[in-house]
$ cat target_1.cif   # mmCIF, C-alpha atoms and all ligand atoms
data_run
#
loop_
_atom_site.label_atom_id
_atom_site.label_comp_id
_atom_site.auth_asym_id
_atom_site.auth_seq_id
_atom_site.Cartn_x
_atom_site.Cartn_y
_atom_site.Cartn_z
CA MET Z 1 19.66 1.75 -0.78
CA ALA Z 2 16.81 2.85 -3.10
CA ASN Z 3 17.44 2.90 -6.83
CA GLN Z 4 20.68 0.91 -6.63
CA LEU Z 5 19.35 -2.24 -8.27
CA PRO Z 6 19.78 -2.85 -12.00
CA TYR Z 7 16.68 -2.80 -14.19
CA LEU Z 8 15.61 -3.64 -17.72
CA THR Z 9 13.83 -0.76 -19.38
CA GLY Z 10 10.82 -0.52 -21.66
CA PHE Z 11 7.12 -1.23 -21.21
CA GLY Z 12 6.18 -4.77 -22.25
CA GLY Z 13 9.64 -5.42 -23.69
CA HIS Z 14 10.86 -8.87 -24.68
CA PHE Z 15 13.50 -9.24 -22.02
CA GLU Z 16 16.04 -11.93 -21.26
CA THR Z 17 18.08 -12.09 -18.09
CA GLU Z 18 20.10 -14.69 -16.19
CA ALA Z 19 21.55 -14.54 -12.68
CA VAL Z 20 23.95 -17.41 -13.41
CA ALA Z 21 25.81 -17.46 -16.70
CA GLY Z 22 24.55 -20.21 -18.95
CA ALA Z 23 21.18 -20.68 -17.21
CA LEU Z 24 19.12 -19.27 -20.08
CA PRO Z 25 18.62 -21.70 -22.98
CA LYS Z 26 19.71 -20.32 -26.33
CA GLY Z 27 17.41 -20.39 -29.33
CA ARG Z 28 14.64 -22.46 -27.72
CA ASN Z 29 12.36 -22.29 -24.69
CA SER Z 30 12.23 -25.85 -23.47
CA PRO Z 31 15.36 -27.88 -24.15
CA GLN Z 32 15.35 -31.55 -23.25
CA ARG Z 33 17.67 -30.89 -20.32
CA PRO Z 34 17.86 -27.24 -19.24
CA ALA Z 35 21.23 -26.14 -17.84
CA PHE Z 36 22.12 -27.24 -14.29
CA GLY Z 37 18.94 -29.36 -14.01
CA LEU Z 38 16.75 -26.24 -13.94
CA TYR Z 39 13.04 -26.61 -14.78
CA ALA Z 40 11.58 -24.65 -17.68
CA GLU Z 41 8.15 -23.23 -16.86
CA GLN Z 42 5.92 -20.93 -18.88
CA VAL Z 43 3.69 -18.40 -17.15
CA SER Z 44 0.91 -16.99 -19.33
CA GLY Z 45 -0.61 -13.58 -18.78
CA SER Z 46 -2.82 -13.83 -21.86
CA ALA Z 47 -4.54 -16.73 -23.61
CA PHE Z 48 -2.18 -18.74 -25.80
CA THR Z 49 -4.06 -17.51 -28.83
CA ALA Z 50 -4.27 -13.80 -27.94
CA PRO Z 51 -3.32 -11.57 -30.87
CA ARG Z 52 0.42 -11.00 -31.00
CA HIS Z 53 0.25 -7.39 -29.76
CA GLU Z 54 -1.72 -8.52 -26.71
CA ASN Z 55 0.16 -11.76 -26.10
CA ARG Z 56 2.12 -11.73 -22.83
CA ARG Z 57 4.07 -14.66 -21.41
CA SER Z 58 7.44 -15.44 -19.95
CA TRP Z 59 9.61 -18.52 -19.55
CA LEU Z 60 11.11 -19.10 -16.12
CA TYR Z 61 14.11 -21.38 -15.45
CA ARG Z 62 13.84 -22.43 -11.84
CA MET Z 63 15.32 -24.82 -9.32
CA ARG Z 64 12.00 -26.59 -8.71
CA PRO Z 65 8.75 -26.44 -10.64
CA THR Z 66 5.87 -24.41 -9.16
CA ALA Z 67 3.79 -27.59 -9.37
CA ASP Z 68 5.79 -29.00 -6.44
CA HIS Z 69 3.52 -28.00 -3.56
CA ARG Z 70 1.17 -29.71 -1.10
CA PRO Z 71 -2.55 -28.73 -0.91
CA PHE Z 72 -3.57 -25.23 0.00
CA THR Z 73 -5.80 -24.78 3.04
CA PRO Z 74 -7.73 -21.66 4.12
CA TYR Z 75 -5.49 -18.86 5.43
CA GLN Z 76 -6.69 -17.62 8.81
CA GLY Z 77 -4.74 -14.33 8.97
CA ALA Z 78 -5.35 -11.01 7.22
CA SER Z 79 -8.96 -10.79 8.41
CA LEU Z 80 -9.53 -7.41 6.69
CA PHE Z 81 -8.07 -8.49 3.35
CA ALA Z 82 -10.58 -9.79 0.76
CA PRO Z 83 -13.49 -10.36 3.15
CA GLY Z 84 -16.05 -9.74 0.38
CA THR Z 85 -18.01 -6.51 0.09
CA SER Z 86 -21.06 -5.55 2.11
CA ASP Z 87 -24.32 -7.18 0.90
CA ALA Z 88 -26.49 -4.34 2.20
CA PRO Z 89 -28.06 -2.08 -0.47
CA LEU Z 90 -25.53 0.66 -1.16
CA ALA Z 91 -26.81 4.21 -0.68
CA PRO Z 92 -25.85 6.64 -3.48
CA ASN Z 93 -23.67 8.63 -1.09
CA ARG Z 94 -20.24 10.04 -1.68
CA LEU Z 95 -17.77 8.44 0.70
CA ARG Z 96 -14.41 9.49 2.05
CA TRP Z 97 -11.96 7.99 4.51
CA ASP Z 98 -9.14 9.30 6.65
CA PRO Z 99 -6.01 7.15 6.63
CA PRO Z 100 -7.12 4.22 8.82
CA ALA Z 101 -5.95 4.67 12.42
CA SER Z 102 -6.91 1.27 13.73
CA LEU Z 103 -4.72 -1.09 11.71
CA ALA Z 104 -2.53 -3.63 13.47
CA ASP Z 105 0.85 -2.49 14.83
CA ASP Z 106 2.52 -5.78 14.09
CA ALA Z 107 1.72 -6.88 10.56
CA ASP Z 108 3.64 -7.66 7.43
CA PHE Z 109 2.44 -6.51 4.02
CA ILE Z 110 -0.09 -9.33 3.68
CA ASP Z 111 -1.58 -9.21 7.14
CA GLY Z 112 -1.53 -5.42 6.91
CA LEU Z 113 -3.83 -5.27 3.88
CA VAL Z 114 -7.37 -3.99 4.29
CA THR Z 115 -9.83 -4.15 1.44
CA MET Z 116 -11.87 -0.97 1.09
CA MET Z 117 -13.94 -1.59 -2.03
CA ALA Z 118 -14.30 -3.92 -4.97
CA ASN Z 119 -16.49 -4.53 -7.99
CA ARG Z 120 -17.20 -7.74 -9.93
CA ASP Z 121 -16.30 -11.29 -9.04
CA PRO Z 122 -12.60 -12.00 -9.67
CA ALA Z 123 -13.66 -15.21 -11.41
CA SER Z 124 -15.37 -13.11 -14.09
CA LEU Z 125 -11.93 -11.74 -15.03
CA GLU Z 126 -13.29 -8.22 -14.73
CA GLY Z 127 -13.26 -5.47 -12.16
CA VAL Z 128 -10.90 -3.97 -9.66
CA ALA Z 129 -10.50 -3.91 -5.89
CA ILE Z 130 -8.89 -1.15 -3.82
CA HIS Z 131 -6.92 -2.10 -0.74
CA LEU Z 132 -4.89 -0.09 1.75
CA TYR Z 133 -1.91 -1.46 3.62
CA ARG Z 134 0.01 -0.65 6.72
CA ALA Z 135 3.03 -2.89 7.32
CA THR Z 136 5.49 -2.71 10.18
CA ARG Z 137 7.52 -5.87 9.46
CA SER Z 138 9.07 -7.62 6.52
CA MET Z 139 7.63 -10.86 5.21
CA THR Z 140 9.95 -13.49 6.65
CA ASP Z 141 9.80 -16.92 5.00
CA ARG Z 142 6.43 -15.91 3.53
CA LEU Z 143 5.37 -15.01 0.03
CA PHE Z 144 2.20 -13.87 -1.60
CA VAL Z 145 0.73 -14.71 -4.97
CA ASN Z 146 -2.48 -13.43 -6.48
CA ALA Z 147 -4.29 -15.66 -8.95
CA ASP Z 148 -7.14 -13.12 -9.06
CA GLY Z 149 -5.32 -10.41 -10.94
CA GLU Z 150 -2.36 -8.13 -11.21
CA LEU Z 151 -1.46 -5.85 -8.32
CA LEU Z 152 -0.66 -2.18 -8.76
CA LEU Z 153 1.24 -1.08 -5.66
CA ILE Z 154 1.08 2.63 -4.81
CA PRO Z 155 3.27 3.40 -1.76
CA GLN Z 156 2.26 6.46 0.24
CA SER Z 157 4.98 6.26 2.90
CA GLY Z 158 7.90 3.88 3.32
CA THR Z 159 9.85 2.09 0.60
CA LEU Z 160 8.81 -1.42 -0.43
CA HIS Z 161 11.67 -3.79 -1.20
CA LEU Z 162 10.11 -6.36 -3.48
CA PHE Z 163 11.65 -9.73 -4.17
CA THR Z 164 9.65 -11.28 -6.97
CA GLU Z 165 10.15 -14.50 -8.86
CA MET Z 166 11.63 -12.42 -11.64
CA GLY Z 167 13.94 -10.31 -9.51
CA ARG Z 168 14.08 -7.40 -7.11
CA MET Z 169 12.61 -3.92 -7.26
CA GLU Z 170 12.58 -0.98 -4.90
CA VAL Z 171 9.45 1.09 -4.82
CA ALA Z 172 9.44 4.33 -2.85
CA PRO Z 173 6.54 6.77 -2.48
CA GLY Z 174 6.17 8.57 -5.81
CA TRP Z 175 6.72 5.30 -7.65
CA ILE Z 176 4.27 2.57 -8.57
CA ALA Z 177 4.94 -1.11 -9.17
CA LEU Z 178 2.99 -3.76 -10.95
CA ILE Z 179 3.12 -7.45 -10.05
CA PRO Z 180 1.54 -9.60 -12.77
CA ARG Z 181 -1.15 -12.13 -11.92
CA GLY Z 182 0.36 -15.33 -10.56
CA ILE Z 183 3.87 -14.02 -9.83
CA ARG Z 184 5.07 -14.80 -6.30
CA PHE Z 185 6.70 -12.05 -4.29
CA ARG Z 186 7.82 -10.98 -0.87
CA VAL Z 187 7.79 -7.45 0.57
CA ASP Z 188 10.53 -6.29 2.92
CA ILE Z 189 10.27 -2.95 4.65
CA GLU Z 190 12.23 -0.78 7.06
CA GLY Z 191 10.12 0.86 9.72
CA GLU Z 192 6.56 1.41 8.62
CA ALA Z 193 5.06 1.35 5.16
CA ARG Z 194 1.63 2.55 4.10
CA GLY Z 195 -0.03 2.77 0.77
CA TYR Z 196 -2.63 1.56 -1.68
CA VAL Z 197 -3.06 -1.51 -3.86
CA ALA Z 198 -5.28 -1.60 -6.93
CA GLU Z 199 -6.02 -5.22 -7.74
CA ASN Z 200 -7.01 -5.56 -11.37
CA HIS Z 201 -8.99 -8.67 -12.24
CA GLY Z 202 -9.49 -7.63 -15.84
CA ALA Z 203 -7.34 -7.11 -18.91
CA MET Z 204 -3.74 -6.31 -18.04
CA PHE Z 205 -2.85 -2.67 -17.55
CA ARG Z 206 -1.27 -1.16 -20.63
CA LEU Z 207 -0.30 2.30 -21.82
CA PRO Z 208 -3.22 4.24 -23.26
CA ASP Z 209 -3.34 5.04 -26.95
CA LEU Z 210 -2.23 8.60 -27.56
CA GLY Z 211 -4.48 9.53 -30.49
CA PRO Z 212 -3.83 13.11 -31.64
CA ILE Z 213 -1.23 13.59 -28.85
CA GLY Z 214 1.08 11.68 -31.18
CA SER Z 215 3.93 9.29 -30.59
CA ASN Z 216 5.26 10.74 -27.31
CA GLY Z 217 3.74 11.87 -24.07
CA LEU Z 218 1.99 10.87 -20.87
CA ALA Z 219 3.85 7.83 -19.51
CA ASN Z 220 6.63 7.03 -21.96
CA PRO Z 221 7.46 3.32 -22.44
CA ARG Z 222 11.18 3.77 -21.80
CA ASP Z 223 10.55 4.87 -18.22
CA PHE Z 224 9.14 1.52 -17.11
CA GLN Z 225 11.67 -0.70 -15.37
CA SER Z 226 11.56 -4.47 -14.90
CA PRO Z 227 13.88 -6.47 -12.65
CA VAL Z 228 16.84 -8.53 -13.71
CA ALA Z 229 16.84 -12.18 -12.68
CA ALA Z 230 17.68 -12.76 -9.00
CA PHE Z 231 16.98 -15.79 -6.85
CA GLU Z 232 17.43 -17.19 -3.39
CA ASN Z 233 18.75 -20.70 -2.86
CA VAL Z 234 16.95 -21.47 0.38
CA ASP Z 235 15.88 -24.87 1.70
CA ARG Z 236 13.75 -24.11 4.72
CA PRO Z 237 9.99 -23.89 5.24
CA CYS Z 238 8.43 -21.07 3.26
CA GLU Z 239 4.74 -20.20 3.43
CA VAL Z 240 2.96 -19.26 0.23
CA ILE Z 241 -0.27 -17.32 0.69
CA GLN Z 242 -2.44 -17.21 -2.37
CA LYS Z 243 -5.50 -15.17 -3.18
CA TYR Z 244 -7.67 -17.32 -5.36
CA LEU Z 245 -11.28 -16.71 -6.44
CA GLY Z 246 -11.69 -14.08 -3.74
CA SER Z 247 -10.38 -16.10 -0.77
CA LEU Z 248 -6.99 -16.50 0.89
CA TRP Z 249 -5.19 -19.85 1.00
CA THR Z 250 -1.91 -21.10 2.40
CA THR Z 251 0.57 -23.87 1.86
CA THR Z 252 4.12 -24.36 3.11
CA LEU Z 253 6.94 -25.39 0.81
CA ASP Z 254 10.25 -26.83 1.97
CA HIS Z 255 12.08 -24.21 -0.08
CA SER Z 256 11.75 -20.66 -1.33
CA PRO Z 257 10.00 -20.48 -4.70
CA LEU Z 258 12.02 -17.35 -5.43
CA ASP Z 259 14.35 -19.77 -7.19
CA VAL Z 260 14.11 -18.48 -10.76
CA VAL Z 261 17.69 -18.33 -11.99
CA ALA Z 262 16.89 -16.95 -15.44
CA TRP Z 263 13.86 -15.83 -17.40
CA HIS Z 264 12.86 -14.37 -20.70
CA GLY Z 265 9.65 -12.97 -22.09
CA ASN Z 266 7.32 -10.00 -22.01
CA LEU Z 267 5.32 -10.72 -18.87
CA ALA Z 268 7.21 -9.17 -15.99
CA PRO Z 269 6.81 -6.96 -12.95
CA PHE Z 270 7.68 -3.32 -13.48
CA ARG Z 271 8.04 -0.07 -11.61
CA TYR Z 272 7.52 3.50 -12.78
CA GLU Z 273 8.30 6.88 -11.26
CA LEU Z 274 5.24 9.12 -11.41
CA ALA Z 275 7.47 12.22 -11.70
CA ARG Z 276 8.41 10.96 -15.18
CA PHE Z 277 4.81 11.43 -16.35
CA ASN Z 278 4.66 13.96 -19.15
CA THR Z 279 1.60 15.88 -18.00
CA ILE Z 280 -0.40 17.52 -20.73
CA GLY Z 281 -3.16 20.06 -20.20
CA THR Z 282 -4.93 23.00 -21.75
CA VAL Z 283 -2.93 25.96 -23.06
CA SER Z 284 -6.08 27.82 -23.98
CA PHE Z 285 -9.26 27.42 -21.91
CA ASP Z 286 -11.47 24.90 -20.11
CA HIS Z 287 -10.50 21.99 -17.92
CA PRO Z 288 -9.95 18.85 -20.01
CA ASP Z 289 -11.38 15.50 -18.97
CA PRO Z 290 -9.03 13.69 -16.56
CA SER Z 291 -8.41 10.96 -19.13
CA ILE Z 292 -5.55 13.24 -20.21
CA PHE Z 293 -3.80 12.07 -17.02
CA THR Z 294 -4.09 8.31 -17.66
CA VAL Z 295 -0.91 6.44 -16.78
CA LEU Z 296 -2.19 2.91 -17.40
CA THR Z 297 -5.47 1.54 -18.66
CA SER Z 298 -7.17 -1.83 -18.43
CA PRO Z 299 -9.77 -1.93 -21.20
CA SER Z 300 -13.13 -3.68 -20.86
CA ASP Z 301 -14.82 -5.44 -23.75
CA THR Z 302 -16.51 -2.14 -24.68
CA PRO Z 303 -14.17 0.18 -26.59
CA GLY Z 304 -13.34 3.35 -24.65
CA ARG Z 305 -15.01 2.19 -21.42
CA ALA Z 306 -12.20 1.17 -19.11
CA ASN Z 307 -12.38 -1.73 -16.72
CA ALA Z 308 -9.87 0.41 -14.81
CA ASP Z 309 -7.89 3.53 -15.59
CA PHE Z 310 -5.02 4.51 -13.32
CA VAL Z 311 -4.94 8.31 -13.50
CA ILE Z 312 -2.68 10.77 -11.64
CA PHE Z 313 -2.92 14.45 -10.74
CA PRO Z 314 0.74 15.52 -10.68
CA PRO Z 315 2.33 18.94 -10.25
CA ARG Z 316 1.42 21.03 -13.30
CA TRP Z 317 0.93 24.54 -14.59
CA MET Z 318 -2.60 25.90 -14.75
CA VAL Z 319 -2.87 28.56 -17.44
CA GLY Z 320 -6.44 28.31 -18.73
CA GLU Z 321 -7.95 31.71 -19.56
CA ASP Z 322 -11.48 32.54 -18.41
CA THR Z 323 -11.66 29.06 -16.99
CA PHE Z 324 -12.80 27.49 -13.76
CA ARG Z 325 -9.53 25.66 -13.29
CA PRO Z 326 -10.14 22.91 -10.69
CA PRO Z 327 -12.20 19.80 -11.55
CA TRP Z 328 -15.71 20.87 -12.49
CA PHE Z 329 -18.94 19.71 -10.90
CA HIS Z 330 -19.94 16.48 -12.53
CA ARG Z 331 -21.77 13.19 -12.50
CA ASN Z 332 -20.04 10.26 -14.12
CA VAL Z 333 -21.24 6.93 -15.45
CA MET Z 334 -17.78 5.70 -14.48
CA SER Z 335 -16.96 5.21 -10.79
CA GLU Z 336 -14.08 7.09 -9.21
CA ALA Z 337 -11.91 5.87 -6.34
CA MET Z 338 -9.25 8.39 -5.37
CA GLY Z 339 -6.19 8.39 -3.14
CA LEU Z 340 -3.61 10.99 -2.19
CA ILE Z 341 0.11 10.25 -1.97
CA HIS Z 342 1.18 13.68 -0.73
CA GLY Z 343 0.15 17.32 -0.68
CA ASP Z 344 -3.32 18.73 -1.30
CA TYR Z 345 -5.77 17.94 -4.06
CA ASP Z 346 -7.03 20.98 -5.95
CA ALA Z 347 -10.72 20.07 -5.68
CA LYS Z 348 -10.68 19.57 -1.92
CA ALA Z 349 -9.59 22.34 0.43
CA GLU Z 350 -9.59 19.99 3.42
CA GLY Z 351 -10.56 16.53 4.60
CA PHE Z 352 -8.82 14.57 1.85
CA ARG Z 353 -5.57 13.60 3.51
CA PRO Z 354 -2.51 11.76 2.23
CA GLY Z 355 -3.22 8.07 2.82
CA GLY Z 356 -6.97 8.72 2.73
CA LEU Z 357 -9.43 7.57 0.12
CA SER Z 358 -12.64 8.73 -1.51
CA LEU Z 359 -15.35 7.14 -3.58
CA HIS Z 360 -17.57 8.97 -6.05
CA ASN Z 361 -19.57 6.14 -7.52
CA LEU Z 362 -21.82 5.89 -10.54
CA MET Z 363 -23.70 9.19 -11.12
CA SER Z 364 -23.00 10.71 -7.72
CA GLY Z 365 -22.74 14.49 -7.92
CA HIS Z 366 -19.31 15.74 -6.88
CA GLY Z 367 -16.63 18.26 -7.74
CA PRO Z 368 -14.91 21.08 -5.88
CA ASP Z 369 -15.88 21.61 -2.27
CA VAL Z 370 -17.25 25.02 -1.31
CA ASP Z 371 -13.90 26.51 -0.31
CA SER Z 372 -12.12 25.27 -3.45
CA TRP Z 373 -14.97 26.54 -5.59
CA ARG Z 374 -14.90 29.98 -3.98
CA LYS Z 375 -11.14 30.32 -4.24
CA ALA Z 376 -11.05 29.24 -7.88
CA SER Z 377 -14.01 31.43 -8.82
CA GLU Z 378 -12.38 34.50 -7.32
CA ALA Z 379 -8.76 33.85 -8.31
CA GLU Z 380 -6.86 36.14 -10.56
CA LEU Z 381 -6.10 33.93 -13.57
CA ARG Z 382 -2.36 34.26 -13.92
CA PRO Z 383 -0.30 31.14 -14.68
CA VAL Z 384 -0.15 29.15 -11.44
CA LYS Z 385 1.83 26.04 -10.71
CA ILE Z 386 0.15 23.35 -8.63
CA GLU Z 387 3.11 21.94 -6.73
CA GLY Z 388 3.98 19.39 -4.09
CA THR Z 389 1.06 17.08 -4.74
CA MET Z 390 0.28 13.67 -6.17
CA ALA Z 391 -3.28 12.38 -6.14
CA PHE Z 392 -4.51 9.42 -8.14
CA MET Z 393 -7.75 7.89 -9.30
CA VAL Z 394 -8.72 4.34 -10.18
CA GLU Z 395 -11.70 4.92 -12.43
CA SER Z 396 -13.80 1.90 -13.32
CA CYS Z 397 -16.86 1.26 -15.43
CA TRP Z 398 -18.12 -1.05 -12.65
CA PRO Z 399 -19.58 0.67 -9.58
CA TYR Z 400 -17.57 -0.11 -6.46
CA ARG Z 401 -19.03 -1.72 -3.37
CA PRO Z 402 -17.31 -0.87 -0.09
CA THR Z 403 -16.46 -3.54 2.46
CA ALA Z 404 -18.11 -3.60 5.89
CA PHE Z 405 -14.86 -2.19 7.34
CA ALA Z 406 -14.95 0.69 4.88
CA LEU Z 407 -18.59 1.51 5.60
CA GLN Z 408 -17.89 1.52 9.35
CA HIS Z 409 -14.91 3.85 8.99
CA ALA Z 410 -16.16 6.39 6.45
CA GLN Z 411 -16.16 10.08 7.40
CA SER Z 412 -19.60 10.93 8.74
CA ASP Z 413 -19.72 14.49 7.44
CA TYR Z 414 -18.42 14.23 3.87
CA ASP Z 415 -21.65 15.70 2.44
CA LEU Z 416 -20.82 18.97 4.17
CA ALA Z 417 -18.00 19.48 1.65
CA TRP Z 418 -20.77 20.56 -0.70
CA ALA Z 419 -23.13 22.30 1.74
CA ASP Z 420 -23.92 26.02 1.61
CA PHE Z 421 -23.20 26.88 -2.00
CA PRO Z 422 -24.74 30.30 -2.63
CA LYS Z 423 -27.76 30.18 -4.90
CA ALA Z 424 -27.41 31.65 -8.36
CA GLN Z 425 -29.15 35.04 -8.69
CA LEU Z 426 -31.20 35.35 -11.85
CA PRO Z 427 -31.88 38.77 -13.39
CA GLN Z 428 -35.13 40.22 -12.02
O1 LIG Z 501 -13.63 13.98 -9.25
C1 LIG Z 501 -12.42 14.17 -9.24
O2 LIG Z 501 -11.87 14.91 -8.43
C2 LIG Z 501 -11.57 13.56 -10.34
C3 LIG Z 501 -11.66 14.38 -11.56
C4 LIG Z 501 -10.69 15.31 -11.86
C5 LIG Z 501 -10.81 16.11 -12.97
O3 LIG Z 501 -9.84 16.98 -13.24
C6 LIG Z 501 -11.92 16.03 -13.78
C7 LIG Z 501 -12.90 15.08 -13.49
C8 LIG Z 501 -12.76 14.24 -12.39
O4 LIG Z 501 -13.65 13.30 -12.12
FE FE Z 502 -14.82 13.02 -10.51
#

$ encode --input "target_1.cif" --output "structure tokens" --more "lines below"
Ligand SMILES: O=C(O)Cc1cc(O)ccc1O
Ligand SMILES: [Fe+2]
Amino acid sequence: MANQLPYLTGFGGHFETEAVAGALPKGRNSPQRPAFGLYAEQVSGSAFTAPRHENRRSWLYRMRPTADHRPFTPYQGASLFAPGTSDAPLAPNRLRWDPPASLADDADFIDGLVTMMANRDPASLEGVAIHLYRATRSMTDRLFVNADGELLLIPQSGTLHLFTEMGRMEVAPGWIALIPRGIRFRVDIEGEARGYVAENHGAMFRLPDLGPIGSNGLANPRDFQSPVAAFENVDRPCEVIQKYLGSLWTTTLDHSPLDVVAWHGNLAPFRYELARFNTIGTVSFDHPDPSIFTVLTSPSDTPGRANADFVIFPPRWMVGEDTFRPPWFHRNVMSEAMGLIHGDYDAKAEGFRPGGLSLHNLMSGHGPDVDSWRKASEAELRPVKIEGTMAFMVESCWPYRPTAFALQHAQSDYDLAWADFPKAQLPQ
């Protein structure tokens, strides 16, 4: 079933698509009477007056306006999703988690979300939160919408079948998907699905500038795929759960709001296959900064200091001469949350498992564990291909704060990854 749906290609393209011929107005956005009695509705991802190259909005032609809903009330489910982070002073410890074992057996994507860490208040329009999910059922007559930011979905196992207001997308492990702020969607699954969600409250993710790399490379715009218009014509109760200013809310409509028959514009969900990433690295010596692996970036107001960078560590050749090839020891003013989709990560010989998570926050010393360090220090430096792996990092300029759940479930012995390094021996 995966990969059978049609898609529109190109990052941030100006798309137009209609599921019923004649639904899309020609030559104007808001005709006096849209075709078939549809309602024209604009959804803005940027301020009206954002510079043209940053301006993102789409026009949706739908069977009922989004405004047609009764009041939202607090949502009582999903107790581990968006509970707020722990208020206790945060120790400057490195943290790591196994894939959570204790998540509910009977949850859909929304109730199966567990927030692990976050920074900033979503209302400040800055920061990022990292959630995990484990879902064992499809969302039936339920949708989710996030007013607090865009959602980057990173499946680790199980394909997500997304039905968004703007159409359908399939997202298997090895792919990512982005749902823009405010776009309603449903997640259907077969069996069990696990993965990660990076919730970006700040500036929308975009492709990084390439500087001296030139006009091609890293994630290429043509490999991003957005859905074609698709809708459901359903008149039965449909619950809409909304995350709004850090809390969850619910209302029930008498119809499905996935009733967008046509749309046009440059604000749209997309998916991207991480295997398409054109990985660039050293062909001489030294280990470059991991910014070379940036797939998407959300800038902050300070040039070069990302609100969030989504970075991957894909299969790649290591050829550096006289070089310690894995990530070096370091302390970083940026804060690093990492996940693993499959395989092993080259800086951690063990303990960092697919579906697990780690946090190396502001200025915490980290790098290769003892075993990885020893192996890399002693290795014969022929060309070696790192294969069968996909790790990722969500690097943010704002230190993360774990949730109470995360603090309770962290590995107790992570510090031992860096215990027992032999002392350097100076000349006598
Ligand atoms: O800490 C990590 O494992 C992530 C990382 C990888 C790398 O290649 C260089 C720096 C860095 O922070
Ligand atoms: Fe790091």

$ closest_residue --input "target_1.cif" --among "Z:Thr140, Z:Thr282, Z:Gln408, Z:Ser46" --to "ligand LIG 501 (chain Z)" --atoms "all atoms listed in the file"
Z:Thr282

$ closest_residue --input "target_1.cif" --among "Z:Ile280, Z:Leu245, Z:Leu90, Z:Leu274" --to "Leu296 in chain Z" --atoms "all atoms listed in the file"
Z:Leu274

$ atom_distance --input "target_1.cif" --atom1 "CA of Glu54 in chain Z" --atom2 "CA of Phe11 in chain Z"
12.7 Å

$ closest_atom_pairs --input "target_1.cif" --of "range 14-96 of chain Z" --to "range 358-365 of chain Z" --cutoff "8 Å" --atoms "only C-alpha atoms" --output "JSON lines"
{"residue": "Z:Pro92", "atom": "CA", "partner": "Z:Ser364", "partner_atom": "CA", "distance": 6.5}
{"residue": "Z:Asn93", "atom": "CA", "partner": "Z:Ser364", "partner_atom": "CA", "distance": 7.0}
{"residue": "Z:Arg94", "atom": "CA", "partner": "Z:His360", "partner_atom": "CA", "distance": 5.2}
{"residue": "Z:Leu95", "atom": "CA", "partner": "Z:Leu359", "partner_atom": "CA", "distance": 5.1}
{"residue": "Z:Arg96", "atom": "CA", "partner": "Z:Ser358", "partner_atom": "CA", "distance": 4.0}

$ residues_around --input "target_1.cif" --residues "Phe36 in chain Z" --least-positions-apart "6" --cutoff "9 Å" --atoms "all atoms listed in the file" --output "NGL selection string"
:Z and (22-23 or 63)

$ closest_atom_pairs --input "target_1.cif" --of "chain Z" --to "ligand LIG 501 (chain Z)" --cutoff "6 Å" --atoms "only C-alpha atoms and all ligand atoms" --output "Markdown table"
| residue | atom | partner | partner_atom | distance |
| --- | --- | --- | --- | --- |
| Z:Asp289 | CA | Z:LIG501 | C6 | 5.2 |
| Z:Pro290 | CA | Z:LIG501 | C6 | 4.6 |
| Z:Pro327 | CA | Z:LIG501 | O3 | 4.0 |
| Z:Ala347 | CA | Z:LIG501 | O2 | 6.0 |
| Z:Gly367 | CA | Z:LIG501 | O1 | 5.4 |

$ closest_residue --input "target_1.cif" --among "Z:Asp105, Z:Phe329, Z:Asp371, Z:Ala424" --to "ligand FE 502 (chain Z)" --atoms "all atoms listed in the file"
Z:Phe329

$ closest_residue --input "target_1.cif" --among "Z:Glu387, Z:Asp223, Z:Glu378, Z:Asp188" --to "His342 in chain Z" --atoms "only C-alpha atoms"
Z:Glu387

$ atom_distance --input "target_1.cif" --atom1 "CA of Pro427 in chain Z" --atom2 "CA of Thr323 in chain Z"
22.7 Å

$ closest_residue --input "target_1.cif" --among "Z:Thr250, Z:Gln76, Z:Thr9, Z:Ser335" --to "ligand FE 502 (chain Z)" --atoms "all atoms listed in the file"
Z:Ser335

$ closest_residue --input "target_1.cif" --among "Z:Arg142, Z:Thr164, Z:Thr294, Z:Trp97" --to "Ser412 in chain Z" --atoms "only C-alpha atoms"
Z:Trp97

$ atom_distance --input "target_1.cif" --atom1 "CA of Gly281 in chain Z" --atom2 "CA of Pro173 in chain Z"
24.2 Å

$ residues_around --input "target_1.cif" --residues "Met390 in chain Z" --least-positions-apart "5" --cutoff "8 Å" --atoms "only C-alpha atoms" --output "list in words"
Gly174, Ile312, Phe313, Pro314, Pro315, Leu340, Ile341, His342, Gly343, Asp344 and Tyr345 of chain Z
